[in-house]
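Structure file input_9.txt (compact mmCIF, C-alpha atoms) follows.
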# COMPACT_ATOMS: atom_id res chain seq x y z
CA MET R 1 92.84 -87.60 -133.05
CA PHE R 2 94.68 -84.53 -134.28
CA SER R 3 95.18 -85.85 -137.80
CA LYS R 4 91.47 -85.98 -138.62
CA ILE R 5 90.88 -82.24 -138.36
CA LYS R 6 92.73 -79.36 -139.94
CA PRO R 7 96.09 -78.54 -138.31
CA LYS R 8 95.22 -74.84 -138.06
CA LEU R 9 92.06 -75.79 -136.24
CA ASN R 10 94.09 -77.99 -133.93
CA LEU R 11 96.27 -75.07 -132.98
CA PHE R 12 93.32 -72.75 -132.57
CA LEU R 13 91.50 -75.24 -130.34
CA PHE R 14 94.57 -75.81 -128.25
CA LEU R 15 95.10 -72.08 -127.78
CA LEU R 16 91.43 -71.67 -126.91
CA ILE R 17 91.63 -74.38 -124.26
CA PHE R 18 94.85 -72.90 -122.93
CA ILE R 19 93.47 -69.36 -122.64
CA THR R 20 90.16 -70.39 -121.17
CA THR R 21 91.59 -72.68 -118.53
CA ILE R 22 93.94 -70.55 -116.51
CA SER R 23 93.02 -72.54 -113.42
CA LEU R 24 94.31 -75.59 -115.26
CA LYS R 25 97.77 -74.62 -114.06
CA ASP R 26 96.86 -75.03 -110.38
CA PHE R 27 94.88 -78.14 -111.11
CA LEU R 28 97.79 -79.79 -112.93
CA LYS R 29 100.25 -78.76 -110.23
CA ASP R 30 98.10 -80.12 -107.42
CA PHE R 31 97.28 -83.27 -109.36
CA LEU R 32 100.90 -84.09 -110.14
CA PHE R 33 102.17 -83.35 -106.65
CA VAL R 34 99.33 -85.20 -104.91
CA LEU R 35 99.99 -88.14 -107.22
CA SER R 36 103.66 -88.15 -106.26
CA LYS R 37 102.72 -87.84 -102.62
CA ASN R 38 100.34 -90.80 -102.79
CA ILE R 39 102.97 -92.96 -104.42
CA LEU R 40 105.35 -92.02 -101.64
CA ASN R 41 102.74 -92.85 -98.98
CA ILE R 42 102.92 -96.53 -99.95
CA TYR R 43 106.46 -96.60 -98.63
CA GLN R 44 105.89 -94.08 -95.91
CA GLU R 45 104.40 -96.48 -93.37
CA LYS R 46 107.45 -98.72 -93.51
CA ASN R 47 109.76 -95.79 -93.12
CA GLU R 48 107.77 -94.13 -90.36
CA LYS R 49 109.52 -95.84 -87.45
CA ILE R 50 112.94 -95.29 -89.01
CA LEU R 51 112.12 -91.64 -89.62
CA LYS R 52 110.98 -91.22 -86.02
CA LEU R 53 114.22 -92.69 -84.70
CA GLU R 54 116.28 -90.63 -87.13
CA LYS R 55 114.42 -87.53 -86.07
CA GLU R 56 115.18 -88.21 -82.40
CA ASN R 57 118.77 -88.96 -83.29
CA LEU R 58 119.07 -85.73 -85.22
CA LEU R 59 117.57 -83.68 -82.39
CA LEU R 60 119.98 -85.27 -79.94
CA SER R 61 122.96 -84.67 -82.19
CA LEU R 62 121.91 -81.05 -82.68
CA LYS R 63 121.55 -80.61 -78.93
CA LEU R 64 124.98 -82.20 -78.47
CA LYS R 65 126.56 -79.79 -80.93
CA GLU R 66 124.82 -76.96 -79.18
CA SER R 67 126.16 -78.15 -75.82
CA ASP R 68 129.70 -78.41 -77.17
CA TYR R 69 129.54 -74.91 -78.47
CA LEU R 70 128.03 -73.58 -75.26
CA ARG R 71 130.62 -75.31 -73.12
CA GLU R 72 133.38 -73.54 -75.00
CA GLU R 73 131.68 -70.19 -74.85
CA ASN R 74 129.92 -70.50 -71.55
CA GLU R 75 132.07 -68.10 -69.61
CA LYS R 76 131.87 -65.39 -72.24
CA LEU R 77 128.17 -65.75 -72.74
CA LYS R 78 127.21 -65.86 -69.10
CA LYS R 79 127.26 -62.11 -68.84
CA ALA R 80 125.63 -61.57 -72.19
CA LEU R 81 122.95 -64.17 -71.54
CA ASN R 82 121.70 -62.63 -68.39
CA PHE R 83 118.22 -63.27 -69.68
CA LYS R 84 116.36 -66.52 -70.11
CA THR R 85 116.44 -68.15 -73.53
CA ASN R 86 113.01 -69.60 -73.98
CA TYR R 87 112.76 -71.38 -77.26
CA LYS R 88 111.34 -74.61 -78.51
CA ILE R 89 112.89 -76.52 -81.37
CA ASN R 90 111.53 -79.46 -83.25
CA CYS R 91 112.08 -81.05 -86.63
CA ILE R 92 109.98 -82.82 -89.17
CA GLY R 93 111.14 -85.38 -91.73
CA ALA R 94 110.41 -84.82 -95.41
CA GLN R 95 110.94 -86.55 -98.69
CA ILE R 96 111.99 -85.09 -102.00
CA ILE R 97 109.21 -85.51 -104.57
CA ALA R 98 110.63 -83.50 -107.45
CA TYR R 99 113.45 -81.31 -108.63
CA ASP R 100 113.31 -78.01 -110.47
CA PRO R 101 113.90 -79.01 -114.13
CA SER R 102 116.08 -75.99 -114.89
CA PHE R 103 119.77 -76.77 -115.17
CA LEU R 104 120.71 -73.47 -113.52
CA ARG R 105 118.64 -73.88 -110.36
CA ARG R 106 119.14 -76.12 -107.34
CA ILE R 107 115.62 -76.20 -105.99
CA ILE R 108 113.82 -79.26 -104.68
CA ILE R 109 110.16 -79.85 -103.95
CA ILE R 110 109.33 -81.71 -100.73
CA ASN R 111 106.18 -83.55 -99.72
CA ILE R 112 105.07 -81.34 -96.83
CA GLY R 113 103.72 -77.85 -96.80
CA GLU R 114 101.40 -75.53 -94.96
CA ASP R 115 99.37 -78.52 -93.75
CA LYS R 116 102.34 -79.40 -91.50
CA LYS R 117 102.87 -75.75 -90.50
CA ILE R 118 105.92 -75.32 -92.67
CA LYS R 119 106.78 -71.67 -93.18
CA LYS R 120 108.94 -69.72 -95.55
CA GLY R 121 112.46 -69.17 -94.20
CA MET R 122 112.69 -72.39 -92.17
CA TYR R 123 116.01 -74.19 -92.42
CA VAL R 124 116.49 -77.64 -93.87
CA VAL R 125 119.16 -80.02 -92.58
CA ASP R 126 120.31 -83.53 -93.49
CA GLU R 127 120.35 -86.52 -91.13
CA ASN R 128 123.69 -85.38 -89.70
CA GLY R 129 122.34 -81.96 -88.83
CA TYR R 130 124.25 -80.09 -91.53
CA LEU R 131 122.53 -77.34 -93.42
CA VAL R 132 121.06 -78.31 -96.79
CA GLY R 133 118.99 -75.25 -97.66
CA LYS R 134 115.96 -73.25 -96.67
CA ILE R 135 112.27 -73.11 -97.47
CA ILE R 136 111.56 -70.44 -100.06
CA GLU R 137 107.90 -71.08 -100.75
CA THR R 138 105.15 -73.14 -99.22
CA LYS R 139 101.95 -74.49 -100.69
CA LYS R 140 99.20 -76.54 -99.09
CA ASN R 141 100.78 -79.95 -99.65
CA TYR R 142 104.32 -79.22 -100.78
CA SER R 143 107.13 -76.74 -100.40
CA TYR R 144 110.07 -75.46 -102.40
CA VAL R 145 113.53 -75.71 -100.85
CA SER R 146 116.44 -73.69 -102.16
CA LEU R 147 119.64 -75.69 -101.71
CA ILE R 148 122.89 -74.03 -100.61
CA ASN R 149 124.33 -74.29 -104.10
CA ASP R 150 121.40 -72.51 -105.73
CA ILE R 151 122.32 -69.24 -107.41
CA ASP R 152 119.91 -67.27 -105.21
CA PHE R 153 120.90 -68.73 -101.84
CA ASN R 154 122.24 -66.20 -99.31
CA LEU R 155 122.81 -66.62 -95.58
CA VAL R 156 124.76 -64.78 -92.89
CA VAL R 157 127.33 -67.21 -91.47
CA PHE R 158 130.15 -67.18 -88.94
CA VAL R 159 133.66 -68.44 -89.60
CA GLU R 160 134.67 -69.90 -86.24
CA GLU R 161 134.40 -66.83 -84.04
CA LYS R 162 136.66 -64.73 -86.13
CA ALA R 163 134.26 -63.08 -88.50
CA TYR R 164 130.91 -63.22 -90.15
CA GLY R 165 129.99 -62.79 -93.78
CA LEU R 166 127.45 -63.62 -96.39
CA LEU R 167 127.39 -67.18 -97.70
CA HIS R 168 126.47 -66.99 -101.36
CA GLY R 169 125.46 -70.09 -103.28
CA GLY R 170 126.28 -70.87 -106.87
CA LEU R 171 126.76 -73.74 -109.26
CA GLY R 172 130.53 -73.41 -109.10
CA GLU R 173 132.21 -72.56 -105.84
CA ILE R 174 130.26 -71.61 -102.71
CA LYS R 175 131.71 -68.34 -101.43
CA ILE R 176 131.62 -66.23 -98.31
CA LEU R 177 131.49 -62.55 -99.16
CA TYR R 178 132.32 -59.35 -97.29
CA ILE R 179 134.89 -60.62 -94.79
CA GLU R 180 137.62 -58.03 -94.41
CA SER R 181 141.17 -58.84 -95.51
CA ASP R 182 142.62 -58.26 -92.06
CA LYS R 183 140.71 -61.18 -90.53
CA ASN R 184 142.79 -64.24 -89.79
CA ILE R 185 140.80 -66.89 -91.65
CA ASN R 186 142.46 -70.27 -92.22
CA ILE R 187 141.73 -73.34 -94.28
CA ASN R 188 139.49 -75.86 -92.42
CA ASP R 189 137.93 -73.18 -90.23
CA LYS R 190 134.37 -74.21 -89.55
CA VAL R 191 131.48 -72.28 -91.04
CA TYR R 192 128.21 -72.19 -89.15
CA PHE R 193 125.20 -70.04 -88.47
CA LYS R 194 122.92 -69.44 -85.52
CA ILE R 195 119.19 -69.82 -85.74
CA PRO R 196 117.65 -66.47 -84.79
CA ASN R 197 116.60 -66.03 -81.13
CA THR R 198 118.18 -69.35 -80.13
CA ASP R 199 121.64 -70.65 -79.27
CA LEU R 200 121.34 -73.42 -81.78
CA ILE R 201 124.34 -73.80 -84.07
CA ILE R 202 123.97 -75.37 -87.49
CA TYR R 203 127.18 -76.26 -89.30
CA VAL R 204 127.40 -75.55 -93.00
CA GLY R 205 130.92 -76.57 -93.97
CA GLU R 206 134.53 -75.52 -93.70
CA ILE R 207 136.85 -73.10 -95.46
CA LYS R 208 138.42 -74.70 -98.52
CA ASN R 209 140.49 -71.85 -99.95
CA VAL R 210 141.54 -68.44 -98.74
CA ASN R 211 142.69 -65.98 -101.38
CA LYS R 212 143.98 -62.62 -100.35
CA ASN R 213 144.27 -59.87 -102.93
CA PRO R 214 146.03 -56.75 -101.60
CA GLN R 215 143.94 -54.57 -103.89
CA GLU R 216 140.64 -55.96 -102.64
CA PRO R 217 139.12 -54.96 -99.29
CA PHE R 218 137.55 -58.41 -98.78
CA LEU R 219 138.88 -61.95 -98.69
CA ASP R 220 137.99 -64.45 -101.38
CA LEU R 221 136.78 -67.49 -99.42
CA ASN R 222 135.58 -70.79 -100.84
CA VAL R 223 133.58 -73.18 -98.71
CA LYS R 224 133.48 -76.95 -98.76
CA LEU R 225 129.97 -78.04 -97.79
CA TYR R 226 129.39 -80.83 -95.30
CA SER R 227 126.21 -81.87 -97.10
CA GLU R 228 127.47 -82.19 -100.65
CA ASN R 229 124.52 -83.87 -102.32
CA VAL R 230 121.01 -84.43 -101.04
CA MET R 231 120.23 -87.05 -103.62
CA PHE R 232 120.41 -90.06 -101.31
CA HIS R 233 119.65 -88.33 -98.05
CA LYS R 234 116.55 -87.76 -96.02
CA ILE R 235 115.99 -84.18 -95.05
CA PHE R 236 114.52 -82.52 -91.99
CA ILE R 237 112.94 -79.13 -91.54
CA LEU R 238 113.78 -77.33 -88.33
CA LYS R 239 110.76 -75.82 -86.65
CA TYR R 240 111.42 -73.31 -83.92
CA GLU R 241 109.40 -70.86 -81.92
CA MET U 1 100.95 -94.97 -133.63
CA ASN U 2 101.46 -91.63 -135.31
CA ASP U 3 104.52 -89.43 -134.83
CA PHE U 4 102.66 -86.92 -132.68
CA LEU U 5 101.75 -89.53 -130.10
CA LYS U 6 105.23 -91.06 -130.17
CA GLY U 7 106.75 -87.63 -129.71
CA PHE U 8 104.34 -86.89 -126.88
CA ILE U 9 105.25 -90.07 -125.02
CA LEU U 10 108.96 -89.50 -125.58
CA LEU U 11 108.79 -85.92 -124.30
CA PHE U 12 106.62 -86.93 -121.35
CA LEU U 13 109.24 -89.51 -120.32
CA PHE U 14 111.96 -86.89 -120.70
CA LEU U 15 109.99 -84.45 -118.57
CA LEU U 16 109.69 -87.09 -115.86
CA LEU U 17 113.44 -87.68 -116.02
CA ASP U 18 114.03 -83.94 -115.57
CA ILE U 19 111.72 -83.81 -112.55
CA ILE U 20 112.80 -87.02 -110.84
CA LYS U 21 116.49 -86.56 -111.72
CA PRO U 22 117.52 -90.18 -111.17
CA PHE U 23 121.17 -89.14 -111.36
CA GLY U 24 120.72 -86.20 -109.01
CA PHE U 25 122.80 -83.18 -109.83
CA TYR U 26 125.63 -85.26 -111.27
CA LEU U 27 123.98 -85.25 -114.67
CA TYR U 28 123.50 -81.64 -115.68
CA ILE U 29 121.40 -82.08 -118.80
CA GLU U 30 117.80 -81.17 -119.52
CA PHE U 31 116.28 -84.19 -121.23
CA LEU U 32 113.18 -82.29 -122.29
CA PHE U 33 115.21 -79.68 -124.15
CA LEU U 34 117.09 -82.43 -126.03
CA GLY U 35 113.79 -84.16 -126.71
CA ILE U 36 112.39 -81.01 -128.32
CA VAL U 37 115.49 -80.73 -130.52
CA PHE U 38 115.14 -84.38 -131.47
CA CYS U 39 111.43 -84.08 -132.29
CA ALA U 40 112.03 -80.91 -134.32
CA LEU U 41 114.62 -82.74 -136.42
CA ASN U 42 112.52 -85.84 -136.97
CA ILE U 43 108.82 -84.98 -136.78
CA ASP U 44 106.61 -82.76 -138.91
CA PHE U 45 106.87 -79.05 -138.07
CA LYS U 46 103.27 -78.41 -137.02
CA GLN U 47 103.11 -81.41 -134.74
CA THR U 48 106.43 -80.54 -133.13
CA PHE U 49 105.36 -76.94 -132.69
CA ILE U 50 102.27 -78.04 -130.74
CA LEU U 51 104.35 -80.46 -128.69
CA ALA U 52 106.89 -77.72 -127.92
CA PHE U 53 104.11 -75.44 -126.75
CA ILE U 54 102.49 -78.10 -124.55
CA PHE U 55 105.72 -79.21 -122.91
CA GLY U 56 107.00 -75.65 -122.54
CA TYR U 57 103.85 -74.96 -120.56
CA ILE U 58 104.10 -78.13 -118.44
CA LYS U 59 107.78 -77.47 -117.70
CA ASN U 60 106.90 -74.00 -116.47
CA LEU U 61 104.56 -75.56 -113.89
CA PHE U 62 107.47 -77.21 -112.15
CA LEU U 63 109.83 -74.27 -112.21
CA PHE U 64 110.04 -72.15 -109.10
CA GLU U 65 110.33 -68.98 -111.12
CA ASN U 66 108.58 -69.42 -114.43
CA ILE U 67 111.14 -69.45 -117.16
CA ILE U 68 110.23 -68.74 -120.71
CA SER U 69 110.17 -72.36 -121.89
CA ILE U 70 106.72 -71.76 -123.31
CA LEU U 71 108.29 -69.35 -125.80
CA GLU U 72 111.74 -70.84 -126.01
CA PHE U 73 110.74 -74.31 -127.18
CA PRO U 74 108.57 -73.13 -130.10
CA ILE U 75 111.38 -70.75 -131.15
CA ILE U 76 113.81 -73.67 -131.19
CA VAL U 77 111.39 -75.63 -133.34
CA ILE U 78 111.13 -72.73 -135.81
CA ILE U 79 114.93 -72.36 -136.00
CA ILE U 80 115.38 -76.06 -136.66
CA TYR U 81 112.59 -76.08 -139.24
CA TYR U 82 114.33 -73.26 -141.11
CA PHE U 83 117.69 -75.06 -141.28
CA LYS U 84 116.58 -78.69 -141.25
CA ASN U 85 116.59 -79.40 -144.97
CA ARG U 86 119.65 -77.33 -145.84
CA ILE U 87 122.31 -78.90 -143.66
CA ASN U 88 124.72 -81.82 -143.73
CA PRO U 89 125.62 -83.90 -140.61
CA PHE U 90 128.47 -81.56 -139.67
CA LEU U 91 126.28 -78.47 -139.86
CA LYS U 92 123.63 -80.34 -137.92
CA PHE U 93 126.17 -80.81 -135.14
CA ILE U 94 126.96 -77.08 -135.25
CA LEU U 95 123.23 -76.30 -135.15
CA ILE U 96 122.73 -78.43 -132.04
CA CYS U 97 125.71 -76.73 -130.37
CA VAL U 98 124.27 -73.32 -131.21
CA LEU U 99 120.87 -74.31 -129.83
CA ILE U 100 122.41 -75.47 -126.56
CA LEU U 101 124.30 -72.17 -126.33
CA PHE U 102 121.04 -70.35 -127.09
CA HIS U 103 119.35 -72.25 -124.25
CA ILE U 104 122.18 -71.40 -121.84
CA ALA U 105 122.18 -67.73 -122.87
CA LEU U 106 118.42 -67.38 -122.54
CA ASN U 107 118.38 -68.92 -119.06
CA ASN U 108 121.31 -66.75 -117.98
CA ILE U 109 119.60 -63.61 -119.18
CA TYR U 110 116.32 -64.54 -117.56
CA LEU U 111 117.90 -65.34 -114.18
CA GLY U 112 120.31 -62.40 -114.37
CA VAL U 113 123.49 -64.43 -114.01
CA SER U 114 126.53 -64.98 -116.18
CA TYR U 115 127.47 -68.59 -115.90
CA PHE U 116 128.59 -70.96 -118.60
CA PRO U 117 128.04 -74.56 -117.49
CA LEU U 118 130.58 -76.43 -119.58
CA ARG U 119 129.43 -79.70 -118.03
CA PHE U 120 125.87 -79.06 -119.25
CA PHE U 121 127.14 -78.28 -122.74
CA ILE U 122 129.34 -81.37 -123.03
CA GLN U 123 126.86 -83.74 -121.41
CA SER U 124 123.99 -82.48 -123.57
CA ILE U 125 125.89 -83.06 -126.81
CA SER U 126 127.14 -86.43 -125.62
CA ILE U 127 123.71 -87.66 -124.57
CA TYR U 128 122.16 -86.41 -127.80
CA TYR U 129 124.64 -88.21 -130.01
CA LEU U 130 124.68 -91.31 -127.83
CA PHE U 131 120.96 -91.90 -127.57
CA LEU U 132 118.98 -89.54 -129.74
CA ASN U 133 120.84 -89.12 -133.00
CA ASN U 134 118.77 -91.80 -134.61
CA LYS U 135 115.31 -91.72 -136.06
CA LYS U 136 114.80 -95.26 -134.78
CA CYS U 137 114.11 -93.70 -131.39
CA LEU U 138 110.61 -93.19 -132.72
CA SER U 139 110.17 -96.80 -133.74
CA LYS U 140 107.65 -99.06 -132.02
CA ASN U 141 110.40 -100.95 -130.21
CA CYS U 142 111.67 -97.82 -128.50
CA ILE U 143 108.36 -96.40 -127.38
Would you mind writing the structure in this file as structure tokens?
Amino acid sequence: MFSKIKPKLNLFLFLLIFITTISLKDFLKDFLFVLSKNILNIYQEKNEKILKLEKENLLLSLKLKESDYLREENEKLKKALNFKTNYKINCIGAQIIAYDPSFLRRIIIINIGEDKKIKKGMYVVDENGYLVGKIIETKKNYSYVSLINDIDFNLVVFVEEKAYGLLHGGLGEIKILYIESDKNININDKVYFKIPNTDLIIYVGEIKNVNKNPQEPFLDLNVKLYSENVMFHKIFILKYE
Amino acid sequence: MNDFLKGFILLFLFLLLDIIKPFGFYLYIEFLFLGIVFCALNIDFKQTFILAFIFGYIKNLFLFENIISILEFPIIVIIIYYFKNRINPFLKFILICVLILFHIALNNIYLGVSYFPLRFFIQSISIYYLFLNNKKCLSKNCI
């Protein structure tokens, strides 16, 4: 169709359509994501029971981890937790519908959004309860999840009970920043974080390398993630109140 | 089928590959970027320029933070058009390497990081020369 009219006219018409249809962007986005979602729905019914069981399993395993941690720290926390901890935690299964096409980003798009009350900042875990990433943006039917190894991923984490620092993602090594050199951090120390206003512990990984430079005030810590690749995994979004 | 339509289908398939990522994050390459390079080397300039503009725009839709693909792809097409008829196979290889480096540099600048993904560089060149360094990719049998 393009060959029958002048090429300059082609370009002009295309630019005209482009400029005059700014809402085309939203239309295309919604169309493509809804299409992906509908294709996924064909398989969704079959997977529904499995997802439900996996969800229950995940919740139980998370509760178990929480209990283990609390058992160890119960005596210390008794005084500190003189108040009641009223929180409700739930999780919702999601499927990956697309990836960010940029080679520098590690962002995935999942098939649930504001319609399922997903909010920005919620944490995403795999079927074993290990952290995968967090929600960075929500739309009506889909959401963007930043994975741990995305260049913009940051999270305050604890290394055992020795110290806390800032977990910083990246395409190379995942690092923990701002932990002072005098802290006794060892290889294989577990890295975790606590969900705000709860006692729930989510494990991220373990210390892979500890490099101490006498001239630097902070340790150089590399982390080995427990959830290395989300490609073949189902993911769950933790909802808490 | 004319070259424009063939190029469109090829680039659309490459865009799908980039979005679905059948090899997850093991394969670092951007198929669409390689597709644009391929089309610029094998299809008429004006048609490729339009294709680059269209797919730059569509790619931006899927990016969390809009990257300048809509400008980058047409620039790549212009660079290739300028050098296309003046180079031998060795210089063509150099040109592709330079374009990949240009792509890396532009993304780094835009995202404010300094990271050189050697895996992306090597895999991109390998995939290009394995599957795309052949005008037969535009033949009826391939599309």
Select from chain U every residue with an atom at most 9 Å from any atom of chain R, then for each give the shortest pair of atoms and their distance in Å to one decimal, using all atoms listed in the file, rows by chain and rising number, as a tab-separated table.
residue	atom	partner	partner_atom	distance
U:Asn2	CA	R:Ser3	CA	8.9
U:Phe4	CA	R:Phe2	CA	8.5
U:Leu15	CA	R:Pro101	CA	8.0
U:Leu17	CA	R:Pro101	CA	8.9
U:Asp18	CA	R:Pro101	CA	5.1
U:Ile19	CA	R:Tyr99	CA	5.0
U:Ile20	CA	R:Ala98	CA	5.3
U:Lys21	CA	R:Tyr99	CA	6.8
U:Pro22	CA	R:Met231	CA	8.6
U:Phe23	CA	R:Met231	CA	8.1
U:Gly24	CA	R:Met231	CA	5.5
U:Phe25	CA	R:Asn229	CA	7.7
U:Tyr28	CA	R:Phe103	CA	6.2
U:Ile29	CA	R:Phe103	CA	6.6
U:Glu30	CA	R:Phe103	CA	6.5
U:Leu32	CA	R:Pro101	CA	8.8
U:Lys46	CA	R:Pro7	CA	7.3
U:Gln47	CA	R:Pro7	CA	8.4
U:Ile50	CA	R:Leu11	CA	7.1
U:Tyr57	CA	R:Lys25	CA	8.9
U:Ile58	CA	R:Lys25	CA	8.5
U:Lys59	CA	R:Pro101	CA	7.3
U:Asn60	CA	R:Pro101	CA	8.9
U:Leu61	CA	R:Lys29	CA	6.5
U:Phe62	CA	R:Asp100	CA	6.1
U:Leu63	CA	R:Asp100	CA	5.4
U:Phe64	CA	R:Asp100	CA	6.8
U:Ile67	CA	R:Ser102	CA	8.5
U:Ile104	CA	R:Leu104	CA	8.7
U:Asn107	CA	R:Leu104	CA	7.5
U:Asn108	CA	R:Leu104	CA	8.1
U:Leu111	CA	R:Leu104	CA	8.6
U:Val113	CA	R:Ile151	CA	8.3
U:Tyr115	CA	R:Leu171	CA	8.4
U:Pro117	CA	R:Leu171	CA	8.4
U:Phe120	CA	R:Phe103	CA	7.7
Quiz prompt | Atom-to-atom span, CA of Asn186 (chain R) and CA of Glu216 (chain R), Å | solution = 17.8 Å
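Between Phe38 (chain U) and the candidates U:Ile80, U:Val98, U:Leu118, U:Ile109, the tightest atom-to-atom separation, counting all atoms listed in the file, involves U:Ile80.
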Practice problem: Rank nothing, just name the residue among U:Ile87, U:Leu51, U:Tyr110, U:Val77 nearest to Glu65 (chain U), using only C-alpha atoms. | Solution: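 Counting only C-alpha atoms, the residue closest to Glu65 (chain U) is U:Tyr110.
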Quiz prompt | Pairwise distance for CA of Leu60 (chain R) and CA of Ile110 (chain R), rounded to one decimal in Å | solution = 23.6 Å
Self-check item: Contacts of region 219-225 of chain R at 6 Å (only C-alpha atoms; same-chain gap of 4+ positions) as a VMD selection string
Solution: chain R and resid 174 to 176 179 to 181 204 to 212
Quiz prompt | Point-to-point distance from CA of Ser61 (chain R) to CA of Tyr142 (chain R), Å rounded to tenths | solution =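 So the answer is 26.9 Å.
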Practice problem: Find the residues near region 122-135 of chain U: any atom within 10 Å, counting only C-alpha atoms, skip ones fewer than 6 places away on the same chain, and give them as a VMD selection string. | Solution: chain U and resid 27 to 31 33 to 35 37 to 39 41 to 43 93 96 to 97 100
For the residues in the current selection, export C-alpha atoms as a PDB file, keeping the file's coordinate frame.
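Heads up, here's the output in again17.pdb:
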ATOM      1  CA  LEU U  27     123.980 -85.250-114.670  1.00  0.00           C
ATOM      2  CA  TYR U  28     123.500 -81.640-115.680  1.00  0.00           C
ATOM      3  CA  ILE U  29     121.400 -82.080-118.800  1.00  0.00           C
ATOM      4  CA  GLU U  30     117.800 -81.170-119.520  1.00  0.00           C
ATOM      5  CA  PHE U  31     116.280 -84.190-121.230  1.00  0.00           C
ATOM      6  CA  PHE U  33     115.210 -79.680-124.150  1.00  0.00           C
ATOM      7  CA  LEU U  34     117.090 -82.430-126.030  1.00  0.00           C
ATOM      8  CA  GLY U  35     113.790 -84.160-126.710  1.00  0.00           C
ATOM      9  CA  VAL U  37     115.490 -80.730-130.520  1.00  0.00           C
ATOM     10  CA  PHE U  38     115.140 -84.380-131.470  1.00  0.00           C
ATOM     11  CA  CYS U  39     111.430 -84.080-132.290  1.00  0.00           C
ATOM     12  CA  LEU U  41     114.620 -82.740-136.420  1.00  0.00           C
ATOM     13  CA  ASN U  42     112.520 -85.840-136.970  1.00  0.00           C
ATOM     14  CA  ILE U  43     108.820 -84.980-136.780  1.00  0.00           C
ATOM     15  CA  PHE U  93     126.170 -80.810-135.140  1.00  0.00           C
ATOM     16  CA  ILE U  96     122.730 -78.430-132.040  1.00  0.00           C
ATOM     17  CA  CYS U  97     125.710 -76.730-130.370  1.00  0.00           C
ATOM     18  CA  ILE U 100     122.410 -75.470-126.560  1.00  0.00           C
TER      19      ILE U 100
END
How big is the axis-aligned box, and where does its centre sit, when it encloses all atoms of region 50-57 of chain R listed in the file and has 3 Å added on every side, reported in Å to one decimal as JSON?
{"center_x": 114.9, "center_y": -91.4, "center_z": -86.0, "size_x": 13.8, "size_y": 13.8, "size_z": 13.2}
